[in-house]
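Let me begin by presenting the structure, written as structure tokens, before commenting on it.
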Amino acid sequence: MRQFAGVAEAPAESITGAMTALSGHPQTPDSDANRAQFIEHIGGTLRALQQMVIEGVAVDSELQERALSLLDFALSPLGQPHWAAACQLLLTLAPAMEQAGQRAIWGGYLQQGVACAAALGEAHNQAALTLHLALQWQLQGQWPAATALYRQVIDALENGPATDVSTVEATERRRLQGEALNRLAYLARLQGNLAEAQAQIDRALQRLTSSDPELEYSYFVLGTIAHDRRDFGMAEAQFRQSLHHCQALGRQPRIAQRTRDVGLALAEQGKLDQARALLEEAIARFERLAAPVERAVAQMNLGIVYSRLGDSLHALDCYAAAKPIFQQVHDELHLALLYNNQGVDYRRLGRHAEAIYVLEASAAIRSRLTNRRALANVLDNLGRAYADLARFAEAVATFDRALATLATLDPDPGTERLRTGIERQRAQALRQRTAD
């Protein structure tokens with residue numbers, strides 16, 4: 001049994017007792033006195049667990065199981081006296097559960113929390129919990145549902161009562177609006193809509209003060225927009241600005257994420273040794289934080305660095321380490337990226353059948369998502385893989401599909417560069433098909 005020594009709010013024996021009582025399926029105590037003591041233990045344990053997460057204790061599988069057992073009780077009718085503590089634990093624990101890959105099961109607890117907050121008329125807590133629920137949908141590739149929830153939060157906060165609201169409440173409302181707009185901007189970026197992403201970030205920045213902790217996420221999103229516009233120097237600058245804020249705030253999970261992001265921006269600029277060092281640092285940080293999904297993303301990015309160093313075998317090892325994690329949590333976005341990256345290195349090694357297999361899988365996922373430029377990029381690689389095996393008719397058809405996909409997009413330098421490359425590959429495949 002884990003000992004929670006040195007945690008404020010409740011003595012270790014109270015926490016251990018409550019955890020023991022909640023292992024498996026707790027039974028309601030058989031007397032009023034025992035019930036009162038039991039509920040008192042629950043309240044202290046909820047607060048103690050929240051403090052542990054705040055202090056950066058790794059939320060490993062054992063702690064996750066115990067926290068969920070606590071929430072099972074606290075969100076039940078018997079646990080109503082401790083709703084406030086349960087709500088704060090939900091909000092505090094949410095980032096750690098997201099990083100741990102607890103997506104499907106965690107969404108159910110968030111839905112319960114949203115329902116409780118709504119029933120009690122707690123608009124602020126309802127909005128905050130809804131933001132985490134929207135993120136769960138986003139992480140599972142349910143982008144329309146996530147977008148709807150983000151917009152719901154923004155509308156509710158913007159149209160809430162303007163009178164009888166304290167300065168603190170008004171400030172917190174603006175912060176939540178900024179957070180929701182940040183998330184909406186990032187989701188627009190994931191879908192390839194960079195103009196919409198920029199517009200939402202501009203709205204977020206109007207609501208966030210210069211000292212707001214949420215500002216670091218705005219810099220992160222600005223970095224991703226710059227990255228997708230292929231302005232990699234600007235992307236690095238924005239990611240470093242975000243990292244600086246995270247370091248000042250002592251946010252260890254975000255420090256690890258931004259370290260990874262800076263590494264990716266350096267890789268895009270050809271600074272591969274620096275990129276490798278930062279990505280390895282990020283992987284070590286995620287290991288300490290018990291964040292397997294975030295670690296897997298860093299491992300995949302490290303694979304890209306090895307690929308660019310010409311070491312495809314080492315790159316494929318990195319992808320192989322990340323793949324089961326993405327499969328376990330049904331992370332379609334990162335699986336699509338990983339399969340595409342695998343395809344590039346399989347082609348380089350002459351493993352053409354394997355390249356076609358993973359690139360077809362990537363294209364299938366990308367067809368379900370809504371980033372059309374990303375889909376066109378995968379189709380470009382798939383067309384080249386068909387051509388490698390002299391399957392020129394399939395190559396031409398795939399290049400045609402890629403060009404038709406790009407035709408639905410507004411022109412920009414990145415899109416035009418991709419279009420030119422695909423047209424060149426199509427013409428070559430067409431000549432070879434005709435020659436056959």
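Letters for chains follow the order of the structure tokens (A, B, ...), residue numbers begin at 1 for each chain, and ligand numbers begin at 1 in the order shown.
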
Handout entry: All residues 12 Å or closer to region 176-178 of chain A, only C-alpha atoms, same chain fewer than 2 positions away omitted, as a VMD selection string
Key = chain A and resid 123 to 132 150 to 160 169 to 174 180 to 185 200 to 209 212 to 218

Take the residues from that selection and put them in a file with N, CA and C atoms, as a tab-separated table (two decimals), in the first residue's frame.
chain	number	residue	atom	x	y	z
A	123	ALA	N	-21.85	27.45	-13.09
A	123	ALA	CA	-21.51	27.70	-14.50
A	123	ALA	C	-20.00	27.64	-14.74
A	124	HIS	N	-19.23	28.17	-13.79
A	124	HIS	CA	-17.77	28.18	-13.98
A	124	HIS	C	-17.21	26.77	-14.02
A	125	ASN	N	-17.59	25.94	-13.02
A	125	ASN	CA	-17.09	24.57	-13.00
A	125	ASN	C	-17.61	23.77	-14.19
A	126	GLN	N	-18.84	24.03	-14.59
A	126	GLN	CA	-19.38	23.35	-15.76
A	126	GLN	C	-18.55	23.68	-17.00
A	127	ALA	N	-18.18	24.94	-17.16
A	127	ALA	CA	-17.39	25.35	-18.32
A	127	ALA	C	-16.00	24.73	-18.27
A	128	ALA	N	-15.36	24.76	-17.10
A	128	ALA	CA	-14.01	24.24	-16.97
A	128	ALA	C	-13.97	22.73	-17.25
A	129	LEU	N	-14.95	22.00	-16.72
A	129	LEU	CA	-14.99	20.56	-16.95
A	129	LEU	C	-15.34	20.24	-18.41
A	130	THR	N	-16.20	21.06	-19.01
A	130	THR	CA	-16.56	20.85	-20.40
A	130	THR	C	-15.35	21.02	-21.31
A	131	LEU	N	-14.46	21.94	-20.98
A	131	LEU	CA	-13.24	22.11	-21.77
A	131	LEU	C	-12.41	20.82	-21.77
A	132	HIS	N	-12.30	20.17	-20.63
A	132	HIS	CA	-11.56	18.91	-20.57
A	132	HIS	C	-12.29	17.80	-21.32
A	150	TYR	N	-16.35	23.21	-27.51
A	150	TYR	CA	-15.57	24.43	-27.31
A	150	TYR	C	-16.44	25.66	-27.58
A	151	ARG	N	-17.19	25.63	-28.66
A	151	ARG	CA	-18.06	26.78	-28.99
A	151	ARG	C	-19.15	26.95	-27.94
A	152	GLN	N	-19.64	25.84	-27.41
A	152	GLN	CA	-20.65	25.92	-26.36
A	152	GLN	C	-20.12	26.65	-25.14
A	153	VAL	N	-18.90	26.33	-24.76
A	153	VAL	CA	-18.28	27.00	-23.61
A	153	VAL	C	-18.10	28.49	-23.89
A	154	ILE	N	-17.57	28.81	-25.07
A	154	ILE	CA	-17.33	30.22	-25.42
A	154	ILE	C	-18.63	31.00	-25.40
A	155	ASP	N	-19.69	30.45	-26.00
A	155	ASP	CA	-20.98	31.14	-26.05
A	155	ASP	C	-21.56	31.33	-24.65
A	156	ALA	N	-21.46	30.28	-23.82
A	156	ALA	CA	-22.00	30.37	-22.46
A	156	ALA	C	-21.29	31.44	-21.65
A	157	LEU	N	-19.97	31.53	-21.79
A	157	LEU	CA	-19.20	32.51	-21.03
A	157	LEU	C	-19.42	33.92	-21.56
A	158	GLU	N	-19.54	34.06	-22.87
A	158	GLU	CA	-19.74	35.40	-23.45
A	158	GLU	C	-21.14	35.92	-23.21
A	159	ASN	N	-22.11	35.02	-23.09
A	159	ASN	CA	-23.51	35.43	-22.94
A	159	ASN	C	-24.00	35.29	-21.51
A	160	GLY	N	-23.08	35.03	-20.57
A	160	GLY	CA	-23.47	34.91	-19.17
A	160	GLY	C	-23.85	36.25	-18.59
A	169	GLU	N	-14.45	37.00	-10.51
A	169	GLU	CA	-15.25	36.14	-11.37
A	169	GLU	C	-15.15	36.58	-12.82
A	170	ALA	N	-15.17	37.89	-13.06
A	170	ALA	CA	-15.07	38.39	-14.43
A	170	ALA	C	-13.71	38.05	-15.04
A	171	THR	N	-12.65	38.17	-14.23
A	171	THR	CA	-11.32	37.83	-14.72
A	171	THR	C	-11.21	36.36	-15.05
A	172	GLU	N	-11.77	35.52	-14.17
A	172	GLU	CA	-11.72	34.07	-14.41
A	172	GLU	C	-12.55	33.69	-15.63
A	173	ARG	N	-13.66	34.40	-15.84
A	173	ARG	CA	-14.48	34.13	-17.02
A	173	ARG	C	-13.70	34.44	-18.29
A	174	ARG	N	-12.98	35.56	-18.29
A	174	ARG	CA	-12.18	35.91	-19.46
A	174	ARG	C	-11.04	34.91	-19.67
A	180	ALA	N	-10.65	28.42	-23.94
A	180	ALA	CA	-11.50	27.77	-24.94
A	180	ALA	C	-11.12	28.21	-26.35
A	181	LEU	N	-10.82	29.48	-26.53
A	181	LEU	CA	-10.43	29.98	-27.85
A	181	LEU	C	-9.08	29.41	-28.27
A	182	ASN	N	-8.17	29.26	-27.32
A	182	ASN	CA	-6.89	28.62	-27.61
A	182	ASN	C	-7.10	27.20	-28.15
A	183	ARG	N	-7.97	26.44	-27.46
A	183	ARG	CA	-8.22	25.05	-27.87
A	183	ARG	C	-8.92	25.00	-29.22
A	184	LEU	N	-9.84	25.92	-29.44
A	184	LEU	CA	-10.54	25.97	-30.72
A	184	LEU	C	-9.55	26.31	-31.84
A	185	ALA	N	-8.61	27.20	-31.55
A	185	ALA	CA	-7.60	27.57	-32.54
A	185	ALA	C	-6.72	26.37	-32.89
A	200	GLN	N	-8.86	32.75	-34.19
A	200	GLN	CA	-9.25	32.38	-32.84
A	200	GLN	C	-8.15	32.72	-31.83
A	201	ILE	N	-6.89	32.58	-32.23
A	201	ILE	CA	-5.80	32.97	-31.33
A	201	ILE	C	-5.83	34.47	-31.07
A	202	ASP	N	-6.12	35.25	-32.11
A	202	ASP	CA	-6.21	36.70	-31.92
A	202	ASP	C	-7.31	37.04	-30.91
A	203	ARG	N	-8.42	36.32	-30.98
A	203	ARG	CA	-9.49	36.53	-30.00
A	203	ARG	C	-9.05	36.14	-28.60
A	204	ALA	N	-8.31	35.03	-28.50
A	204	ALA	CA	-7.83	34.58	-27.19
A	204	ALA	C	-6.90	35.62	-26.57
A	205	LEU	N	-5.98	36.16	-27.38
A	205	LEU	CA	-5.01	37.11	-26.86
A	205	LEU	C	-5.67	38.40	-26.38
A	206	GLN	N	-6.84	38.73	-26.92
A	206	GLN	CA	-7.57	39.90	-26.46
A	206	GLN	C	-8.13	39.70	-25.06
A	207	ARG	N	-8.28	38.46	-24.65
A	207	ARG	CA	-8.89	38.16	-23.35
A	207	ARG	C	-7.87	37.81	-22.27
A	208	LEU	N	-6.67	37.46	-22.65
A	208	LEU	CA	-5.66	37.03	-21.68
A	208	LEU	C	-4.74	38.18	-21.31
A	209	THR	N	-4.44	38.30	-20.03
A	209	THR	CA	-3.51	39.33	-19.57
A	209	THR	C	-2.08	38.84	-19.77
A	212	ASP	N	-1.15	35.97	-17.47
A	212	ASP	CA	-2.03	34.79	-17.42
A	212	ASP	C	-1.24	33.53	-17.79
A	213	PRO	N	-1.31	32.49	-16.95
A	213	PRO	CA	-0.61	31.24	-17.28
A	213	PRO	C	-1.06	30.64	-18.62
A	214	GLU	N	-2.30	30.90	-19.02
A	214	GLU	CA	-2.81	30.34	-20.26
A	214	GLU	C	-2.11	30.92	-21.49
A	215	LEU	N	-1.41	32.03	-21.30
A	215	LEU	CA	-0.73	32.67	-22.43
A	215	LEU	C	0.30	31.74	-23.07
A	216	GLU	N	0.88	30.84	-22.26
A	216	GLU	CA	1.89	29.94	-22.83
A	216	GLU	C	1.29	29.06	-23.91
A	217	TYR	N	0.02	28.68	-23.75
A	217	TYR	CA	-0.61	27.83	-24.77
A	217	TYR	C	-0.86	28.62	-26.04
A	218	SER	N	-1.13	29.91	-25.90
A	218	SER	CA	-1.28	30.76	-27.08
A	218	SER	C	0.00	30.77	-27.89

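Shell of Lys271 (chain A) at 12 Å, with only C-alpha atoms counted and residues fewer than 4 places along the chain excluded, is Phe232, Gly233, Glu236, Val262, Gly263, Leu264, Ala265, Leu266, Ala267, Ala275, Arg276, Ala277, Leu278, Val305, Tyr306, Arg308 and Leu309 of chain A.
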
Problem - Distance query Ile225 (chain A) at most 10 Å, only C-alpha atoms, self and fewer than 4 positions along chain excluded, as a VMD selection string - result: chain A and resid 185 to 186 188 to 190 192 to 195 197 to 198 219 to 221 229 to 232 234 to 235 238

Practice task
Kindly indicate which residue among A:Ala134, A:Leu249, A:Ala256, A:Leu222 lies nearest to Ala237 (chain A), using only C-alpha atoms for the distances.
Solution key: A:Leu222

Practice task
Give me the residues within 6 Å of region 366-380 of chain A as a list in words, counting only C-alpha atoms and dropping any in the same chain fewer than 3 places off.
Solution key: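 The residues satisfying every condition are Gln191, Gly192, Ala363, Gly383 and Ala402 of chain A.
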
Using the selection just defined, write its residues with all heavy atoms as an mmCIF file, in the first residue's frame.
data_model
loop_
_atom_site.group_PDB
_atom_site.id
_atom_site.type_symbol
_atom_site.label_atom_id
_atom_site.label_comp_id
_atom_site.auth_asym_id
_atom_site.auth_seq_id
_atom_site.Cartn_x
_atom_site.Cartn_y
_atom_site.Cartn_z
ATOM 1 N N GLN A 191 -7.005 20.714 -38.370
ATOM 2 C CA GLN A 191 -7.819 20.460 -39.550
ATOM 3 C C GLN A 191 -7.295 21.198 -40.784
ATOM 4 O O GLN A 191 -7.923 21.164 -41.835
ATOM 5 C CB GLN A 191 -9.268 20.848 -39.266
ATOM 6 C CG GLN A 191 -9.885 19.990 -38.157
ATOM 7 C CD GLN A 191 -11.270 20.454 -37.755
ATOM 8 O OE1 GLN A 191 -12.264 20.084 -38.364
ATOM 9 N NE2 GLN A 191 -11.334 21.270 -36.719
ATOM 10 N N GLY A 192 -6.153 21.871 -40.631
ATOM 11 C CA GLY A 192 -5.529 22.547 -41.758
ATOM 12 C C GLY A 192 -6.077 23.919 -42.050
ATOM 13 O O GLY A 192 -5.721 24.524 -43.069
ATOM 14 N N ALA A 363 -3.550 6.849 -45.298
ATOM 15 C CA ALA A 363 -4.514 7.535 -46.161
ATOM 16 C C ALA A 363 -5.947 7.263 -45.709
ATOM 17 O O ALA A 363 -6.807 8.155 -45.762
ATOM 18 C CB ALA A 363 -4.324 7.107 -47.608
ATOM 19 N N GLY A 383 1.416 7.340 -53.859
ATOM 20 C CA GLY A 383 1.601 7.272 -55.297
ATOM 21 C C GLY A 383 3.030 6.902 -55.665
ATOM 22 O O GLY A 383 3.280 6.082 -56.566
ATOM 23 N N ALA A 402 -4.810 13.109 -55.081
ATOM 24 C CA ALA A 402 -4.092 14.107 -54.282
ATOM 25 C C ALA A 402 -4.291 15.503 -54.856
ATOM 26 O O ALA A 402 -4.546 16.476 -54.123
ATOM 27 C CB ALA A 402 -2.609 13.762 -54.216
#

Fill in the blank from the handout: The residue from A:Leu335, A:Ile255, A:Ala321, A:Leu75 with the smallest atom-to-atom distance to Ala115 (chain A), counting only C-alpha atoms, is A:Leu75

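The gap separating CA of Gly223 (chain A) from CA of Pro411 (chain A) is 20.9 Å, in Å to one decimal.
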
Exercise for the section: Report the distance between CA of Ala322 (chain A) and CA of Arg103 (chain A) in Å, rounded to one decimal place. Expected result: 17.1 Å

Exercise for the section: Write out as a PyMOL selection string each polymer residue whose atoms come within 12 Å of Glu287 (chain A), counting only C-alpha atoms; drop sequence neighbours fewer than 6 positions from it. Expected result: chain A and resi 58-60+99-100+252-253+256+280-281+293-296+298-299

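Comparing A:Leu68, A:Leu333, A:Leu279, A:Ala226 by their smallest distance to Gln140 (chain A), the closest is A:Leu333 (using only C-alpha atoms).
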
Exercise for the section: Could you give me, as a count of residues only, each residue of region 94-304 of chain A that DSSP assigns to helix (DSSP H, G or I) when run on this structure's backbone? Expected result: 172

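Put simply, CA of Lys323 (chain A) is 12.3 Å away from CA of Asn301 (chain A).
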
Exercise for the section: Name the closest residue to Arg391 (chain A) among the candidates A:Ala320, A:Ala364, A:Ile356, A:Leu120; distances are taken between atoms, counting only C-alpha atoms. Expected result: A:Ile356

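Among A:Leu139, A:Ala355, A:Ala407, A:Ala385, the residue with the shortest atom-to-atom distance to Gly101 (chain A), counting only C-alpha atoms, is A:Leu139.
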